[in-house]
file input-v2.cif (mmCIF, C-alpha atoms)
data_my_file
loop_
_atom_site.group_PDB
_atom_site.id
_atom_site.type_symbol
_atom_site.label_atom_id
_atom_site.label_comp_id
_atom_site.auth_asym_id
_atom_site.auth_seq_id
_atom_site.Cartn_x
_atom_site.Cartn_y
_atom_site.Cartn_z
ATOM 1 C CA MET A 1 5.895 14.580 -5.304
ATOM 2 C CA SER A 2 4.139 11.672 -6.989
ATOM 3 C CA SER A 3 0.755 10.590 -5.664
ATOM 4 C CA GLY A 4 0.521 7.352 -7.651
ATOM 5 C CA GLN A 5 0.400 5.160 -4.533
ATOM 6 C CA ARG A 6 -1.799 7.438 -2.418
ATOM 7 C CA ILE A 7 -4.859 5.901 -0.734
ATOM 8 C CA THR A 8 -7.595 8.517 -0.816
ATOM 9 C CA GLN A 9 -10.588 6.329 0.017
ATOM 10 C CA GLU A 10 -11.403 3.169 1.925
ATOM 11 C CA LEU A 11 -10.271 -0.002 0.175
ATOM 12 C CA GLY A 12 -12.232 -3.222 -0.035
ATOM 13 C CA LEU A 13 -10.754 -6.478 1.244
ATOM 14 C CA GLY A 14 -9.597 -7.548 -2.209
ATOM 15 C CA GLU A 15 -8.157 -4.100 -2.866
ATOM 16 C CA VAL A 16 -6.119 -4.255 0.361
ATOM 17 C CA VAL A 17 -4.658 -7.611 -0.701
ATOM 18 C CA SER A 18 -3.949 -6.348 -4.226
ATOM 19 C CA LYS A 19 -2.358 -3.117 -2.978
ATOM 20 C CA THR A 20 -0.205 -5.037 -0.504
ATOM 21 C CA PHE A 21 1.323 -7.273 -3.161
ATOM 22 C CA LYS A 22 1.683 -4.358 -5.557
ATOM 23 C CA LEU A 23 3.813 -2.470 -3.015
ATOM 24 C CA TYR A 24 5.745 -5.633 -2.160
ATOM 25 C CA GLN A 25 6.480 -6.363 -5.813
ATOM 26 C CA ARG A 26 7.567 -2.795 -6.507
ATOM 27 C CA ASP A 27 10.355 -2.856 -3.868
ATOM 28 C CA PHE A 28 10.660 -6.619 -3.557
ATOM 29 C CA TRP A 29 14.390 -6.847 -2.938
ATOM 30 C CA LYS A 30 14.399 -4.096 -0.328
ATOM 31 C CA TYR A 31 11.919 -6.060 1.773
ATOM 32 C CA VAL A 32 13.629 -9.399 1.198
ATOM 33 C CA ILE A 33 17.118 -8.074 2.021
ATOM 34 C CA LEU A 34 15.770 -6.388 5.161
ATOM 35 C CA PHE A 35 14.176 -9.542 6.554
ATOM 36 C CA ALA A 36 16.870 -11.878 5.232
ATOM 37 C CA VAL A 37 19.591 -10.040 7.175
ATOM 38 C CA VAL A 38 17.563 -9.935 10.376
ATOM 39 C CA GLU A 39 16.372 -13.533 10.074
ATOM 40 C CA ALA A 40 19.902 -14.735 9.276
ATOM 41 C CA ILE A 41 21.212 -13.085 12.451
ATOM 42 C CA VAL A 42 18.427 -14.614 14.541
ATOM 43 C CA GLY A 43 18.798 -18.004 12.836
ATOM 44 C CA VAL A 44 22.574 -18.197 13.314
ATOM 45 C CA PHE A 45 22.317 -17.113 16.946
ATOM 46 C CA THR A 46 19.543 -19.650 17.603
ATOM 47 C CA THR A 47 21.651 -22.443 16.108
ATOM 48 C CA VAL A 48 24.698 -21.445 18.171
ATOM 49 C CA VAL A 49 22.666 -21.298 21.394
ATOM 50 C CA ARG A 50 21.083 -24.692 20.758
ATOM 51 C CA ARG A 51 24.510 -26.207 20.168
ATOM 52 C CA ALA A 52 26.091 -24.464 23.156
ATOM 53 C CA ILE A 53 23.379 -25.271 25.705
ATOM 54 C CA THR A 54 22.754 -28.984 26.084
ATOM 55 C CA LEU A 55 19.489 -30.048 27.651
ATOM 56 C CA PRO A 56 20.044 -32.891 30.147
ATOM 57 C CA THR A 57 18.228 -36.094 29.232
ATOM 58 C CA LEU A 58 16.263 -38.162 31.708
ATOM 59 C CA PRO A 59 17.379 -41.828 31.792
ATOM 60 C CA ALA A 60 14.825 -44.440 30.824
ATOM 61 C CA ASN A 61 13.048 -46.094 33.751
ATOM 62 C CA SER A 62 14.406 -43.407 36.046
ATOM 63 C CA THR A 63 13.535 -43.293 39.705
ATOM 64 C CA THR A 64 11.707 -40.458 41.407
ATOM 65 C CA GLN A 65 14.968 -39.217 42.912
ATOM 66 C CA GLN A 66 16.664 -39.225 39.516
ATOM 67 C CA ALA A 67 13.766 -37.201 38.042
ATOM 68 C CA LEU A 68 14.027 -34.704 40.892
ATOM 69 C CA ASN A 69 17.774 -34.353 40.302
ATOM 70 C CA TRP A 70 17.249 -33.993 36.535
ATOM 71 C CA ALA A 71 14.462 -31.377 36.603
ATOM 72 C CA PRO A 72 16.441 -28.326 37.895
ATOM 73 C CA GLY A 73 19.223 -28.771 35.339
ATOM 74 C CA PHE A 74 16.799 -29.351 32.466
ATOM 75 C CA PHE A 75 14.538 -26.389 33.193
ATOM 76 C CA GLY A 76 17.510 -24.144 33.996
ATOM 77 C CA ALA A 77 19.126 -24.907 30.631
ATOM 78 C CA LEU A 78 15.774 -24.597 28.829
ATOM 79 C CA ILE A 79 15.008 -21.197 30.391
ATOM 80 C CA SER A 80 18.499 -19.937 29.524
ATOM 81 C CA MET A 81 18.141 -21.095 25.907
ATOM 82 C CA VAL A 82 14.682 -19.566 25.466
ATOM 83 C CA ALA A 83 15.711 -16.304 27.160
ATOM 84 C CA LEU A 84 18.788 -15.804 24.963
ATOM 85 C CA ILE A 85 16.881 -16.530 21.756
ATOM 86 C CA ALA A 86 14.000 -14.290 22.853
ATOM 87 C CA ILE A 87 16.323 -11.369 23.639
ATOM 88 C CA VAL A 88 17.975 -11.476 20.211
ATOM 89 C CA THR A 89 14.607 -11.879 18.489
ATOM 90 C CA LEU A 90 13.104 -8.948 20.415
ATOM 91 C CA VAL A 91 16.061 -6.747 19.501
ATOM 92 C CA PHE A 92 16.245 -7.464 15.771
ATOM 93 C CA PHE A 93 12.780 -8.549 14.589
ATOM 94 C CA PRO A 94 10.985 -5.292 15.572
ATOM 95 C CA VAL A 95 13.594 -3.411 13.532
ATOM 96 C CA ALA A 96 12.638 -5.433 10.449
ATOM 97 C CA VAL A 97 8.892 -5.045 11.003
ATOM 98 C CA GLY A 98 9.144 -1.329 11.807
ATOM 99 C CA SER A 99 11.364 -0.735 8.769
ATOM 100 C CA ALA A 100 8.875 -2.564 6.536
ATOM 101 C CA VAL A 101 6.054 -0.348 7.818
ATOM 102 C CA LYS A 102 8.168 2.740 7.137
ATOM 103 C CA LEU A 103 9.061 1.512 3.641
ATOM 104 C CA ALA A 104 5.405 0.868 2.789
ATOM 105 C CA SER A 105 4.364 4.211 4.286
ATOM 106 C CA ASP A 106 6.934 6.088 2.201
ATOM 107 C CA GLN A 107 5.818 4.223 -0.913
ATOM 108 C CA ILE A 108 2.213 5.258 -0.296
ATOM 109 C CA GLU A 109 2.909 8.863 0.676
ATOM 110 C CA SER A 110 5.761 9.808 -1.662
ATOM 111 C CA ASP A 111 6.005 6.890 -4.103
ATOM 112 C CA GLN A 112 9.625 6.369 -2.999
ATOM 113 C CA ALA A 113 11.242 4.271 -0.283
ATOM 114 C CA ASP A 114 14.764 4.366 1.148
ATOM 115 C CA LEU A 115 15.807 1.161 2.931
ATOM 116 C CA GLU A 116 18.672 2.679 4.919
ATOM 117 C CA ALA A 117 16.574 5.642 6.093
ATOM 118 C CA SER A 118 13.720 3.298 7.043
ATOM 119 C CA VAL A 119 16.022 1.115 9.158
ATOM 120 C CA ARG A 120 17.458 4.169 10.940
ATOM 121 C CA PHE A 121 13.963 5.460 11.663
ATOM 122 C CA ALA A 122 12.803 2.057 12.966
ATOM 123 C CA ILE A 123 15.804 1.890 15.309
ATOM 124 C CA SER A 124 14.943 5.355 16.628
ATOM 125 C CA ARG A 125 11.399 4.090 17.362
ATOM 126 C CA LEU A 126 12.513 0.775 18.850
ATOM 127 C CA VAL A 127 11.567 1.546 22.472
ATOM 128 C CA PRO A 128 7.993 2.685 21.620
ATOM 129 C CA ILE A 129 7.615 -0.406 19.410
ATOM 130 C CA TRP A 130 8.691 -2.642 22.300
ATOM 131 C CA LEU A 131 6.445 -0.927 24.823
ATOM 132 C CA VAL A 132 3.304 -0.868 22.712
ATOM 133 C CA SER A 133 3.877 -4.481 21.594
ATOM 134 C CA ILE A 134 4.286 -5.632 25.198
ATOM 135 C CA VAL A 135 1.227 -3.739 26.447
ATOM 136 C CA ALA A 136 -0.985 -4.869 23.556
ATOM 137 C CA GLY A 137 0.360 -8.430 23.834
ATOM 138 C CA ILE A 138 -0.417 -8.630 27.552
ATOM 139 C CA ILE A 139 -3.950 -7.276 27.060
ATOM 140 C CA VAL A 140 -4.697 -9.625 24.167
ATOM 141 C CA GLY A 141 -3.093 -12.550 25.996
ATOM 142 C CA LEU A 142 -5.221 -11.993 29.085
ATOM 143 C CA GLY A 143 -8.294 -11.781 26.868
ATOM 144 C CA LEU A 144 -7.433 -15.089 25.211
ATOM 145 C CA ILE A 145 -6.828 -16.755 28.573
ATOM 146 C CA ALA A 146 -10.069 -15.456 30.067
ATOM 147 C CA LEU A 147 -12.293 -16.151 27.069
ATOM 148 C CA LEU A 148 -11.373 -16.756 23.437
ATOM 149 C CA VAL A 149 -13.822 -14.267 21.905
ATOM 150 C CA PRO A 150 -12.689 -11.226 23.979
ATOM 151 C CA GLY A 151 -9.102 -12.068 23.067
ATOM 152 C CA ILE A 152 -9.935 -12.086 19.358
ATOM 153 C CA ILE A 153 -11.797 -8.781 19.708
ATOM 154 C CA LEU A 154 -8.813 -7.218 21.473
ATOM 155 C CA ALA A 155 -6.452 -8.557 18.788
ATOM 156 C CA ILE A 156 -8.635 -6.893 16.144
ATOM 157 C CA MET A 157 -8.858 -3.700 18.189
ATOM 158 C CA PHE A 158 -5.075 -3.309 18.471
ATOM 159 C CA SER A 159 -4.163 -4.713 15.042
ATOM 160 C CA LEU A 160 -3.077 -1.312 13.679
ATOM 161 C CA VAL A 161 -1.075 -0.181 16.690
ATOM 162 C CA LEU A 162 2.304 -0.713 14.988
ATOM 163 C CA PRO A 163 1.565 1.470 11.935
ATOM 164 C CA VAL A 164 0.154 4.093 14.303
ATOM 165 C CA VAL A 165 3.364 4.094 16.364
ATOM 166 C CA MET A 166 5.564 4.320 13.272
ATOM 167 C CA ILE A 167 3.545 6.852 11.251
ATOM 168 C CA GLU A 168 1.751 9.090 13.763
ATOM 169 C CA ARG A 169 4.221 8.647 16.662
ATOM 170 C CA PRO A 170 1.824 9.198 19.591
ATOM 171 C CA GLY A 171 2.236 7.875 23.143
ATOM 172 C CA ILE A 172 1.617 4.248 24.080
ATOM 173 C CA LEU A 173 -1.947 4.631 25.355
ATOM 174 C CA GLU A 174 -2.782 7.040 22.547
ATOM 175 C CA SER A 175 -1.553 4.429 20.039
ATOM 176 C CA LEU A 176 -3.885 1.808 21.477
ATOM 177 C CA GLY A 177 -6.809 4.211 21.381
ATOM 178 C CA ARG A 178 -6.026 5.331 17.854
ATOM 179 C CA SER A 179 -5.878 1.735 16.604
ATOM 180 C CA ARG A 180 -9.257 1.012 18.209
ATOM 181 C CA LYS A 181 -10.748 4.090 16.546
ATOM 182 C CA LEU A 182 -9.393 3.169 13.112
ATOM 183 C CA VAL A 183 -10.923 -0.328 13.104
ATOM 184 C CA SER A 184 -14.157 0.756 14.800
ATOM 185 C CA GLY A 185 -17.091 -0.289 12.648
ATOM 186 C CA ARG A 186 -14.883 -2.620 10.601
ATOM 187 C CA TRP A 187 -14.491 -5.535 13.038
ATOM 188 C CA LEU A 188 -15.513 -8.304 10.631
ATOM 189 C CA LYS A 189 -13.505 -6.823 7.780
ATOM 190 C CA THR A 190 -10.414 -6.645 10.002
ATOM 191 C CA LEU A 191 -10.925 -10.240 11.151
ATOM 192 C CA ALA A 192 -11.337 -11.379 7.549
ATOM 193 C CA LEU A 193 -8.121 -9.579 6.605
ATOM 194 C CA MET A 194 -6.264 -11.279 9.474
ATOM 195 C CA ILE A 195 -7.574 -14.688 8.352
ATOM 196 C CA VAL A 196 -6.625 -14.110 4.694
ATOM 197 C CA PHE A 197 -3.052 -13.098 5.451
ATOM 198 C CA GLY A 198 -2.809 -15.755 8.157
ATOM 199 C CA ILE A 199 -3.619 -18.397 5.536
ATOM 200 C CA ILE A 200 -1.144 -16.887 3.053
ATOM 201 C CA THR A 201 1.738 -16.819 5.537
ATOM 202 C CA GLY A 202 0.757 -20.222 6.947
ATOM 203 C CA ILE A 203 1.018 -21.859 3.523
ATOM 204 C CA ALA A 204 4.310 -20.065 2.855
ATOM 205 C CA SER A 205 5.676 -21.174 6.234
ATOM 206 C CA ALA A 206 4.781 -24.803 5.536
ATOM 207 C CA ILE A 207 6.574 -24.666 2.174
ATOM 208 C CA VAL A 208 9.675 -23.133 3.800
ATOM 209 C CA SER A 209 9.694 -25.818 6.508
ATOM 210 C CA ALA A 210 9.514 -28.551 3.882
ATOM 211 C CA ILE A 211 12.409 -27.030 1.944
ATOM 212 C CA SER A 212 14.658 -26.385 4.967
ATOM 213 C CA GLY A 213 14.006 -29.697 6.735
ATOM 214 C CA PRO A 214 16.679 -31.769 4.925
ATOM 215 C CA PHE A 215 19.445 -29.301 5.857
ATOM 216 C CA GLY A 216 19.896 -30.775 9.333
ATOM 217 C CA ILE A 217 21.832 -28.522 11.709
ATOM 218 C CA ALA A 218 21.615 -25.624 9.270
ATOM 219 C CA SER A 219 17.833 -25.996 8.859
ATOM 220 C CA THR A 220 17.156 -23.169 11.330
ATOM 221 C CA VAL A 221 19.322 -20.732 9.389
ATOM 222 C CA VAL A 222 17.914 -21.843 6.023
ATOM 223 C CA SER A 223 14.355 -21.582 7.306
ATOM 224 C CA SER A 224 15.011 -18.118 8.739
ATOM 225 C CA VAL A 225 16.469 -16.800 5.480
ATOM 226 C CA LEU A 226 13.727 -18.295 3.303
ATOM 227 C CA SER A 227 11.049 -16.833 5.592
ATOM 228 C CA ALA A 228 12.254 -13.395 4.478
ATOM 229 C CA PHE A 229 10.262 -13.952 1.276
ATOM 230 C CA TYR A 230 6.878 -13.996 3.034
ATOM 231 C CA LEU A 231 7.339 -12.165 6.359
ATOM 232 C CA PRO A 232 7.204 -8.639 4.823
ATOM 233 C CA VAL A 233 3.633 -9.231 3.643
ATOM 234 C CA ILE A 234 2.106 -8.715 7.108
ATOM 235 C CA PRO A 235 3.596 -5.269 7.939
ATOM 236 C CA ILE A 236 2.882 -4.069 4.386
ATOM 237 C CA ALA A 237 -0.740 -5.222 4.664
ATOM 238 C CA LEU A 238 -1.149 -3.517 8.044
ATOM 239 C CA THR A 239 0.222 -0.275 6.600
ATOM 240 C CA VAL A 240 -2.116 -0.405 3.614
ATOM 241 C CA TYR A 241 -5.065 -1.145 5.902
ATOM 242 C CA TYR A 242 -4.031 1.712 8.199
ATOM 243 C CA TYR A 243 -4.150 4.228 5.334
ATOM 244 C CA SER A 244 -7.427 2.757 4.114
ATOM 245 C CA ASN A 245 -9.041 3.395 7.492
ATOM 246 C CA VAL A 246 -7.463 6.823 7.843
ATOM 247 C CA ALA A 247 -9.056 7.749 4.508
ATOM 248 C CA ARG A 248 -12.385 6.363 5.740
ATOM 249 C CA ILE A 249 -12.606 8.405 8.941
ATOM 250 C CA ALA A 250 -10.833 11.546 7.693
ATOM 251 C CA PRO A 251 -13.106 14.595 7.353
ATOM 252 C CA PRO A 252 -14.056 15.434 3.764
ATOM 253 C CA GLN A 253 -11.811 17.932 2.058
ATOM 254 C CA THR A 254 -13.600 21.189 1.288
ATOM 255 C CA SER A 255 -12.284 23.547 -1.338
ATOM 256 C CA GLN A 256 -11.282 26.910 0.001
ATOM 257 C CA ALA A 257 -12.670 29.492 -2.430
ATOM 258 C CA PRO A 258 -10.785 32.765 -2.380
ATOM 259 C CA VAL A 259 -12.530 35.430 -0.365
ATOM 260 C CA ILE A 260 -13.213 38.576 -2.372
ATOM 261 C CA LEU A 261 -13.514 41.639 -0.217
ATOM 262 C CA THR A 262 -16.149 44.067 -1.411
ATOM 263 C CA PRO A 263 -16.010 47.722 -0.568
ATOM 264 C CA THR A 264 -18.273 48.878 2.239
ATOM 265 C CA ALA A 265 -19.969 51.314 -0.087
ATOM 266 C CA GLN A 266 -20.323 51.710 -3.791
ATOM 267 C CA THR A 267 -18.470 54.491 -5.542
ATOM 268 C CA GLY A 268 -20.338 57.808 -5.133
ATOM 269 C CA MET A 269 -22.176 56.661 -1.989
ATOM 270 C CA LYS A 270 -21.910 57.585 1.713
ATOM 271 C CA PHE A 271 -23.559 56.661 5.035
ATOM 272 C CA CYS A 272 -25.627 58.774 7.421
ATOM 273 C CA PRO A 273 -23.513 59.320 10.559
ATOM 274 C CA ASP A 274 -26.665 59.169 12.760
ATOM 275 C CA CYS A 275 -28.528 56.052 11.554
ATOM 276 C CA GLY A 276 -26.140 54.442 9.063
ATOM 277 C CA THR A 277 -28.426 54.557 6.065
ATOM 278 C CA GLN A 278 -26.619 54.444 2.718
ATOM 279 C CA LEU A 279 -26.972 57.681 0.771
ATOM 280 C CA VAL A 280 -25.836 59.153 -2.509
ATOM 281 C CA SER A 281 -22.851 61.436 -2.052
ATOM 282 C CA SER A 282 -24.843 64.559 -2.981
ATOM 283 C CA ALA A 283 -27.629 64.023 -0.365
ATOM 284 C CA MET A 284 -28.054 66.959 2.066
ATOM 285 C CA PHE A 285 -30.501 65.222 4.427
ATOM 286 C CA CYS A 286 -31.085 61.575 5.394
ATOM 287 C CA PRO A 287 -34.457 60.373 4.075
ATOM 288 C CA LYS A 288 -34.791 57.995 7.052
ATOM 289 C CA CYS A 289 -33.885 60.078 10.108
ATOM 290 C CA GLY A 290 -33.891 63.549 8.565
ATOM 291 C CA ALA A 291 -30.435 64.406 9.873
ATOM 292 C CA LYS A 292 -28.499 66.982 7.924
ATOM 293 C CA GLN A 293 -25.534 65.475 6.172
ATOM 294 C CA PRO A 294 -22.059 66.990 6.202
ATOM 295 C CA ALA A 295 -20.909 68.508 2.949
#
call {"tool": "encode", "arguments": {"input": "input-v2.cif", "output": "structure tokens"}}
result
Amino acid sequence: MSSGQRITQELGLGEVVSKTFKLYQRDFWKYVILFAVVEAIVGVFTTVVRRAITLPTLPANSTTQQALNWAPGFFGALISMVALIAIVTLVFFPVAVGSAVKLASDQIESDQADLEASVRFAISRLVPIWLVSIVAGIIVGLGLIALLVPGIILAIMFSLVLPVVMIERPGILESLGRSRKLVSGRWLKTLALMIVFGIITGIASAIVSAISGPFGIASTVVSSVLSAFYLPVIPIALTVYYYSNVARIAPPQTSQAPVILTPTAQTGMKFCPDCGTQLVSSAMFCPKCGAKQPA
């Protein structure tokens, strides 16, 4: 088994970024194909739903009664549209993210990554991914609503929960606790990492939007497919950062020297049966207790 990608010590911020893009470059097309397929499915479905569900328009200079008649139909159609798109996104997108984490994990641990096996494994972990994402999302959301700073702290605290779920496979609450432990003492570093990759993906997203804009009705599908080129960066970075923190808090490895058993007595020696003093084999009496020794 190759150990060329192994992370045996904590990485600096720049090293995390460098390692992330190194892993991405090494299996570039696996990541792109994974997200392109998922994003294409979501993009096509979103386009179909938007074309199938028409949002009622409110006439200009409408009366109060007309607005009251319009509101139920508008919000009903809007809720239906959002719900359908959300369901498809929640089904397929976690598969892509979980598979990317598994791919990156396999690259780091064994220097090899199998796309098909990673997708199968992510599907098998889909329910835990949903549950932990919902729980962490609710907690972070409440923190952001209450006060901005607690919400940011909670987002940092649970930033590694997805790699924990995919790699260590604990329970939901254990995953949250494990993520908190991994980033403990590295709050500012974790925040800086989130900002760096947020800027990278933000710039990439703006470029994709500019490219896909002229495609009209198909812009959603084009944008979804092109986003496959930058979306894998986040799960890869989280996986790299997970292993970096695991290496940081792991106990030091101690070499196990072979234990050499020594005989209880040297050759030609014996022990006094009364007091245990070591004697030469020819001794008739013990010099310590004076007991006569057996022949």
call {"tool": "closest_residue", "arguments": {"input": "input-v2.cif", "among": "A:Tyr230, A:Phe271, A:Tyr242, A:Phe92", "to": "Ala104 of chain A", "atoms": "only C-alpha atoms"}}
result
A:Tyr242
call {"tool": "residues_near_point", "arguments": {"input": "input-v2.cif", "point": "(-3.6, 4.5, 20.2)", "cutoff": "10 Å", "atoms": "all atoms listed in the file", "output": "list in words"}}
result
Val132, Met157, Phe158, Leu160, Val161, Leu162, Val164, Val165, Glu168, Arg169, Pro170, Gly171, Ile172, Leu173, Glu174, Ser175, Leu176, Gly177, Arg178, Ser179, Arg180, Lys181 and Leu182 of chain A
call {"tool": "closest_residue", "arguments": {"input": "input-v2.cif", "among": "A:Ile234, A:Leu148, A:Val82, A:Val127", "to": "Ile200 of chain A", "atoms": "only C-alpha atoms"}}
result
A:Ile234
call {"tool": "atom_distance", "arguments": {"input": "input-v2.cif", "atom1": "atom CA of Tyr31 of chain A", "atom2": "atom CA of Gln107 of chain A"}}
result
12.3 Å
call {"tool": "atom_distance", "arguments": {"input": "input-v2.cif", "atom1": "atom CA of Thr47 of chain A", "atom2": "atom CA of Leu90 of chain A"}}
result
16.5 Å
